[in-house]
Structure formats: C-alpha cells, structure tokens
>>> print(open('data_26.txt').read())   # compact mmCIF, C-alpha atoms
# COMPACT_ATOMS: atom_id res chain seq x y z
CA MET A 1 110.13 358.21 69.71
CA SER A 2 107.94 357.43 66.69
CA ALA A 3 109.12 357.42 63.09
CA SER A 4 107.40 360.76 62.51
CA GLY A 5 109.21 362.15 65.55
CA TRP A 6 112.60 361.16 64.17
CA ALA A 7 111.65 362.61 60.78
CA GLN A 8 110.74 365.91 62.46
CA THR A 9 114.03 365.84 64.36
CA PHE A 10 115.89 365.52 61.07
CA VAL A 11 113.93 368.45 59.59
CA VAL A 12 114.68 370.64 62.62
CA ALA A 13 118.38 369.76 62.38
CA GLU A 14 118.41 370.57 58.67
CA TYR A 15 116.83 373.97 59.18
CA GLU A 16 119.18 374.71 62.07
CA VAL A 17 122.21 374.10 59.86
CA ARG A 18 120.66 376.38 57.26
CA ARG A 19 120.32 379.01 59.97
CA TYR A 20 124.05 378.76 60.66
CA LEU A 21 124.72 379.34 56.96
CA ARG A 22 122.30 382.25 56.65
CA GLY A 23 123.74 383.88 59.77
CA ARG A 24 127.27 383.33 58.46
CA ARG A 25 128.29 381.61 61.68
CA LEU A 26 129.69 378.61 59.89
CA LEU A 27 131.51 380.83 57.41
CA GLY A 28 133.00 382.85 60.26
CA MET A 29 134.17 379.69 62.02
CA LEU A 30 135.75 378.39 58.81
CA LEU A 31 137.61 381.69 58.34
CA LEU A 32 138.84 381.50 61.93
CA LEU A 33 139.85 377.90 61.33
CA ALA A 34 141.84 378.90 58.25
CA LEU A 35 143.52 381.71 60.18
CA ILE A 36 144.60 379.41 63.02
CA ILE A 37 145.93 376.78 60.63
CA GLY A 38 147.73 379.45 58.59
CA LEU A 39 149.41 380.90 61.66
CA ILE A 40 150.50 377.49 62.99
CA LEU A 41 151.99 376.52 59.64
CA GLY A 42 153.27 379.93 58.57
CA LEU A 43 154.89 381.38 61.68
CA PRO A 44 157.72 378.82 62.17
CA PRO A 45 159.30 379.30 58.70
CA ALA A 46 158.66 383.05 58.89
CA LEU A 47 160.63 383.14 62.15
CA GLY A 48 163.35 380.83 60.85
CA LEU A 49 162.27 377.90 63.01
CA ASP A 50 162.14 374.25 61.98
CA TYR A 51 159.00 372.16 62.16
CA ALA A 52 158.89 369.28 64.64
CA SER A 53 160.42 366.17 63.12
CA SER A 54 157.95 363.66 64.59
CA PRO A 55 154.26 363.47 63.64
CA ASN A 56 153.10 363.60 67.27
CA LEU A 57 155.07 366.71 68.15
CA PHE A 58 154.02 368.36 64.90
CA VAL A 59 150.32 367.75 65.59
CA ALA A 60 150.83 368.83 69.22
CA SER A 61 151.15 372.41 67.97
CA PHE A 62 147.57 372.04 66.70
CA THR A 63 146.17 370.30 69.79
CA ASN A 64 147.33 373.28 71.88
CA PHE A 65 144.43 375.21 70.35
CA SER A 66 141.90 372.43 69.84
CA SER A 67 140.13 372.94 73.17
CA LEU A 68 139.61 376.64 72.48
CA LEU A 69 138.34 375.86 68.99
CA ILE A 70 135.85 373.37 70.44
CA VAL A 71 134.62 375.92 72.98
CA LEU A 72 134.14 378.51 70.24
CA SER A 73 132.12 375.95 68.28
CA GLY A 74 129.92 375.39 71.31
CA VAL A 75 129.46 379.14 71.75
CA LEU A 76 128.53 379.72 68.10
CA PHE A 77 126.43 376.63 67.43
CA ALA A 78 124.86 375.72 70.77
CA SER A 79 124.79 378.48 73.39
CA ASP A 80 121.82 380.36 71.92
CA ALA A 81 120.01 377.42 70.34
CA LEU A 82 117.17 377.32 72.87
CA VAL A 83 117.17 380.72 74.54
CA SER A 84 116.70 382.42 71.17
CA GLU A 85 113.34 380.67 70.76
CA HIS A 86 112.07 382.64 73.75
CA GLU A 87 114.00 385.86 73.38
CA LYS A 88 113.17 386.32 69.68
CA ARG A 89 109.62 384.93 70.06
CA THR A 90 110.20 382.34 67.32
CA GLY A 91 108.68 379.79 69.68
CA TYR A 92 105.27 381.34 69.04
CA PHE A 93 105.49 380.09 65.46
CA LEU A 94 106.97 376.69 66.29
CA PHE A 95 105.11 375.50 69.36
CA PRO A 96 101.53 375.68 67.99
CA ASN A 97 102.63 373.34 65.20
CA PRO A 98 102.57 369.57 65.83
CA VAL A 99 106.25 369.51 66.86
CA ARG A 100 106.99 368.39 70.38
CA ARG A 101 109.44 370.49 72.32
CA GLU A 102 111.77 367.56 72.92
CA VAL A 103 111.88 367.00 69.17
CA LEU A 104 112.89 370.62 68.72
CA VAL A 105 115.65 370.27 71.31
CA LEU A 106 116.95 367.01 69.84
CA GLY A 107 117.00 368.45 66.33
CA LYS A 108 118.91 371.52 67.41
CA LEU A 109 121.24 369.36 69.50
CA ALA A 110 121.99 367.12 66.52
CA ALA A 111 122.71 370.13 64.32
CA SER A 112 125.05 371.65 66.91
CA VAL A 113 126.97 368.40 67.44
CA LEU A 114 127.30 367.57 63.74
CA THR A 115 128.38 371.10 62.79
CA SER A 116 130.94 371.20 65.59
CA PHE A 117 132.16 367.74 64.55
CA ALA A 118 132.66 369.07 61.02
CA VAL A 119 134.80 371.94 62.32
CA VAL A 120 136.95 369.62 64.46
CA THR A 121 137.29 367.14 61.58
CA LEU A 122 138.49 369.86 59.19
CA TYR A 123 141.00 371.04 61.79
CA TYR A 124 142.45 367.59 62.40
CA GLY A 125 142.34 366.84 58.68
CA ALA A 126 144.52 369.86 58.01
CA ALA A 127 146.85 368.96 60.89
CA SER A 128 147.18 365.35 59.73
CA GLY A 129 147.72 366.33 56.11
CA ALA A 130 150.41 368.82 57.05
CA ALA A 131 152.07 366.28 59.38
CA LEU A 132 152.12 363.71 56.59
CA VAL A 133 153.77 366.16 54.18
CA VAL A 134 156.31 367.55 56.66
CA THR A 135 157.23 364.45 58.68
CA GLY A 136 156.31 361.72 56.21
CA GLY A 137 154.03 359.77 58.53
CA LEU A 138 151.13 359.64 60.96
CA THR A 139 150.56 357.78 64.22
CA TRP A 140 147.63 356.17 65.99
CA GLU A 141 148.00 358.74 68.81
CA ILE A 142 146.87 361.44 66.39
CA TRP A 143 143.74 359.43 65.64
CA LEU A 144 143.08 359.03 69.36
CA SER A 145 143.52 362.76 69.92
CA TYR A 146 140.90 363.39 67.25
CA LEU A 147 138.45 360.98 68.90
CA TYR A 148 139.07 362.61 72.30
CA ALA A 149 138.41 366.01 70.72
CA LEU A 150 135.06 364.78 69.41
CA ALA A 151 134.19 363.47 72.87
CA TYR A 152 135.03 366.85 74.41
CA THR A 153 132.89 368.51 71.75
CA VAL A 154 129.72 366.70 72.84
CA CYS A 155 130.52 367.63 76.43
CA VAL A 156 130.76 371.33 75.55
CA VAL A 157 127.56 371.20 73.49
CA GLY A 158 125.66 369.46 76.28
CA ILE A 159 126.64 372.11 78.83
CA ALA A 160 125.94 374.92 76.35
CA PHE A 161 122.43 373.56 75.76
CA LEU A 162 121.78 373.39 79.49
CA LEU A 163 122.79 377.04 79.87
CA SER A 164 120.73 377.97 76.81
CA ALA A 165 117.65 376.36 78.34
CA SER A 166 118.26 377.97 81.74
CA LEU A 167 119.09 381.60 80.93
CA LYS A 168 116.83 384.35 79.60
CA THR A 169 118.94 386.14 77.00
CA THR A 170 121.22 385.12 74.16
CA VAL A 171 124.01 387.37 75.40
CA SER A 172 124.04 385.85 78.88
CA ALA A 173 124.04 382.28 77.53
CA THR A 174 126.81 383.04 75.03
CA VAL A 175 129.04 384.92 77.46
CA LEU A 176 128.61 382.42 80.29
CA THR A 177 129.34 379.45 78.01
CA PHE A 178 132.56 381.06 76.78
CA PHE A 179 133.87 382.17 80.16
CA LEU A 180 132.79 378.97 81.89
CA PHE A 181 135.26 376.96 79.81
CA THR A 182 137.99 379.57 79.34
CA LEU A 183 138.09 381.08 82.83
CA ILE A 184 135.70 379.77 85.49
CA PHE A 185 136.65 376.09 85.25
CA GLY A 186 140.33 377.09 85.43
CA ILE A 187 139.72 379.08 88.60
CA VAL A 188 137.88 376.15 90.15
CA GLN A 189 140.81 373.87 89.26
CA GLY A 190 143.21 376.24 90.98
CA VAL A 191 141.12 376.45 94.14
CA LEU A 192 140.70 372.68 94.30
CA SER A 193 144.45 372.19 93.95
CA LEU A 194 145.02 374.37 97.01
CA ALA A 195 142.77 371.96 98.91
CA ASP A 196 144.70 368.97 97.50
CA VAL A 197 141.66 367.82 95.52
CA ASP A 198 142.24 366.42 92.04
CA PRO A 199 139.80 368.18 89.65
CA TRP A 200 139.02 365.01 87.68
CA PHE A 201 135.38 366.07 87.28
CA ILE A 202 136.17 369.43 85.65
CA PRO A 203 135.69 369.23 81.84
CA SER A 204 138.65 371.48 81.07
CA ALA A 205 140.92 369.22 83.12
CA ALA A 206 139.59 366.13 81.39
CA ALA A 207 140.22 367.85 78.03
CA GLY A 208 143.93 367.51 78.72
CA ILE A 209 143.78 364.03 77.22
CA ILE A 210 143.46 365.64 73.77
CA GLY A 211 147.01 366.96 73.85
CA ASN A 212 148.52 364.53 76.32
CA VAL A 213 148.09 361.56 74.00
CA VAL A 214 150.44 363.09 71.42
CA ALA A 215 152.76 365.04 73.73
CA PRO A 216 152.47 364.04 77.40
CA SER A 217 153.23 366.89 79.77
CA VAL A 218 152.41 365.10 83.02
CA GLY A 219 151.45 361.51 83.57
CA PHE A 220 147.78 360.65 83.35
CA GLY A 221 146.19 360.88 86.74
CA GLN A 222 149.08 362.79 88.27
CA GLY A 223 148.46 365.69 90.57
CA PRO A 224 149.06 369.41 90.12
CA GLY A 225 152.26 370.19 88.27
CA ASN A 226 152.26 373.99 88.42
CA GLY A 227 150.86 374.79 91.82
CA PHE A 228 147.40 375.62 90.48
CA GLY A 229 146.09 372.23 89.41
CA LEU A 230 146.04 373.19 85.74
CA SER A 231 148.45 370.42 84.72
CA PHE A 232 146.35 367.63 86.18
CA VAL A 233 144.96 365.29 83.55
CA PRO A 234 142.63 362.46 84.65
CA GLU A 235 142.94 358.96 83.30
CA VAL A 236 141.50 358.52 79.82
CA PRO A 237 138.50 356.33 80.88
CA THR A 238 137.67 358.83 83.63
CA SER A 239 137.87 361.76 81.23
CA LEU A 240 135.64 360.06 78.68
CA LEU A 241 133.08 359.25 81.37
CA VAL A 242 133.17 362.89 82.48
CA PHE A 243 132.50 364.02 78.90
CA ALA A 244 129.63 361.55 78.52
CA GLY A 245 128.15 362.45 81.89
CA TYR A 246 128.07 366.18 81.20
CA PHE A 247 126.56 365.62 77.76
CA VAL A 248 123.83 363.24 78.91
CA VAL A 249 122.88 365.19 82.04
CA GLY A 250 123.12 368.55 80.27
CA SER A 251 120.98 367.39 77.34
CA LEU A 252 118.32 365.75 79.51
CA LEU A 253 118.04 368.79 81.78
CA ALA A 254 117.88 371.05 78.73
CA VAL A 255 114.91 369.04 77.41
CA LEU A 256 113.12 369.13 80.78
CA LEU A 257 113.70 372.85 81.30
CA PHE A 258 112.69 373.72 77.76
CA ARG A 259 109.48 371.68 78.04
CA ARG A 260 108.45 373.46 81.24
CA ARG A 261 109.49 376.96 80.27
CA GLU A 262 106.66 379.25 79.22
CA LEU A 263 106.93 381.84 76.49
CA THR A 264 106.71 385.37 77.86
CA ALA A 265 104.76 388.05 76.15
>>> encode(input="data_26.txt", output="structure tokens")
Amino acid sequence: MSASGWAQTFVVAEYEVRRYLRGRRLLGMLLLLALIIGLILGLPPALGLDYASSPNLFVASFTNFSSLLIVLSGVLFASDALVSEHEKRTGYFLFPNPVRREVLVLGKLAASVLTSFAVVTLYYGAASGAALVVTGGLTWEIWLSYLYALAYTVCVVGIAFLLSASLKTTVSATVLTFFLFTLIFGIVQGVLSLADVDPWFIPSAAAGIIGNVVAPSVGFGQGPGNGFGLSFVPEVPTSLLVFAGYFVVGSLLAVLLFRRRELTA
C-alpha cells in the first residue's frame, strides 16, 4: 500500500473512533466496565467474604468475565462496521471519493482493534492495581493472561468483520456475532465432545488460556472435563495460532467480500 493509502487508513480509523464517541458506544462500554469491576471488588466484602490471598487467584475472578467482555467489545465496535455502510447508504458518500474499499476496511479494522484493546487494557489495569493493593504483589502469569486476552480480541474482531461483510443488516450481524461466541461455539464444543473430538479449533475453547494461566482448571491439552467438552483448553501455541488464523482469514475475506459487494438502491 502506498503512503497515501496508509494516511487514508489512519484518517478512516480516526473518524471511526469519533463515531464510537458520538454514538456513545465507548461510553456505554466504559460504564459496563466500571459496573463489572465494581461488582467483582464490592460483592465479597458486602457478603462477608475474604479476597483471594494470592495475586493469581485474585485476578482469576476478573478473567472469569474477560472473554464475555471481549465478545461485547467485538459486538459494539466491529459487528456493524461494514454492513452499516450498505444498510445506511453511507457507502454512496464514501465510495465515489478516492478511497479504496480495502483502505476503508483496514481503517475500520484498526479502529475496532485499538478500541477493544483499550477496553481490555483498562480492565486488566484495574484488576492488576486491585491485586497489588490487596495481595501486595503481581505475577508474570497475570501479564500473560493480558496478552492472551489481546490475542483473543483480534480473533473476535476478525470474525465479527467477516460477518459484517457477509450479512445484509446491522441487527443480523450484531446478533449473530454475540450468539456465535456465547452460545453456538459452546454447542459445537459439546457435540464434538460426544464424538470424542477435541475442539482445539473453536475460538471459545482456545480462549480458555486466558484464565487457565492464572488458575488452571484442567491441564492444557486435556480432554473434556465435564462431559460436554467445555473444559478442554488447547495448548497455548495452538490457541494463539487459532486466534491468528481466524483474524487473518476473517479480515482477508471481509476485504474481498466488501470489495465485490454492490450497494443496493
């Protein structure tokens, strides 16, 4: 891509972030983030319970919700990024300008990834700060969990962009993205377990490395632990390759589909 192409990508990303702010999506996510953190930190003392004494176990209470938070970020910041250009006819104003469609996709993709990264970073920053105050220390496993969460984030965004480029309405792209990660992948894991197939290629299974690194539930690469395959966590290198594969393939297909898709009257 030429220098002007990268400059246009940056401009598209900047305007996309501004769109999040104008639409109050980012504000809504930050309020949700504050609510989750407040509940995790406030409920134990309110119920007369003690905090975990080790940094890893303390942060584990946060990692239990990190996957859902990442999925919500993908839903809010990525699932309608491309389909809205067709549904709301904004593409009529963008496409006649000297901005290539792949530049538009890359700019929106960058904005979605960076905004979602910011949400995850704030979440882990709060968890780490609270762990340092309560337990008096931090561990390298917490840092690894954060890096794994970022890797899962790009995976979710890549799939969300593929769905956004494939579907015709914002509602369908948003709903399918949410239920794909919260329900459909879990059902597929359960069915595969019945056939004695390890679901190493399912993103939600690979996301288990986020929590497993601070509080292992089953050994990495072990088989189903609850009869439905939902406790299976692939090896870390395998999980990271799965994240990268979904992001790369999803992003490339999103670019190809968006380039070929015609605006409807």
>>> residues_around(input="data_26.txt", residues="Tyr124 in chain A", least_positions_apart="4", cutoff="8 Å", atoms="only C-alpha atoms", output="MDAnalysis selection string")
chainID A and resid 120 128 146
>>> write_last_selection(input="data_26.txt", atoms="C-alpha atoms", output="PDB file, in the coordinates of the input")
ATOM      1  CA  VAL A 120     136.950 369.620  64.460  1.00  0.00           C
ATOM      2  CA  SER A 128     147.180 365.350  59.730  1.00  0.00           C
ATOM      3  CA  TYR A 146     140.900 363.390  67.250  1.00  0.00           C
TER       4      TYR A 146
END
>>> residues_around(input="data_26.txt", residues="Leu82 in chain A", least_positions_apart="3", cutoff="6 Å", atoms="only C-alpha atoms", output="PDB file with C-alpha atoms, in the frame of the given file")
ATOM      1  CA  GLU A  85     113.340 380.670  70.760  1.00  0.00           C
ATOM      2  CA  SER A 164     120.730 377.970  76.810  1.00  0.00           C
ATOM      3  CA  ALA A 165     117.650 376.360  78.340  1.00  0.00           C
TER       4      ALA A 165
END
>>> atom_distance(input="data_26.txt", atom1="CA of Ala127 in chain A", atom2="CA of Glu141 in chain A")
13.0 Å
>>> residues_around(input="data_26.txt", residues="range 46-55 of chain A", least_positions_apart="5", cutoff="8 Å", atoms="only C-alpha atoms", output="list in words")
Ala131, Leu132, Val134, Thr135, Gly136, Gly137, Leu138 and Thr139 of chain A
>>> closest_atom_pairs(input="data_26.txt", of="range 152-212 of chain A", to="range 64-70 of chain A", cutoff="9 Å", atoms="all atoms listed in the file", output="CSV")
residue,atom,partner,partner_atom,distance
A:Tyr152,CA,A:Ile70,CA,7.7
A:Thr153,CA,A:Ile70,CA,5.8
A:Val156,CA,A:Ile70,CA,7.5
A:Phe181,CA,A:Leu68,CA,8.5
A:Thr182,CA,A:Leu68,CA,7.6
A:Ser204,CA,A:Ser67,CA,8.2
A:Ala207,CA,A:Ser67,CA,7.0
A:Gly208,CA,A:Ser67,CA,8.6
A:Ile210,CA,A:Ser66,CA,8.0
A:Gly211,CA,A:Asn64,CA,6.6
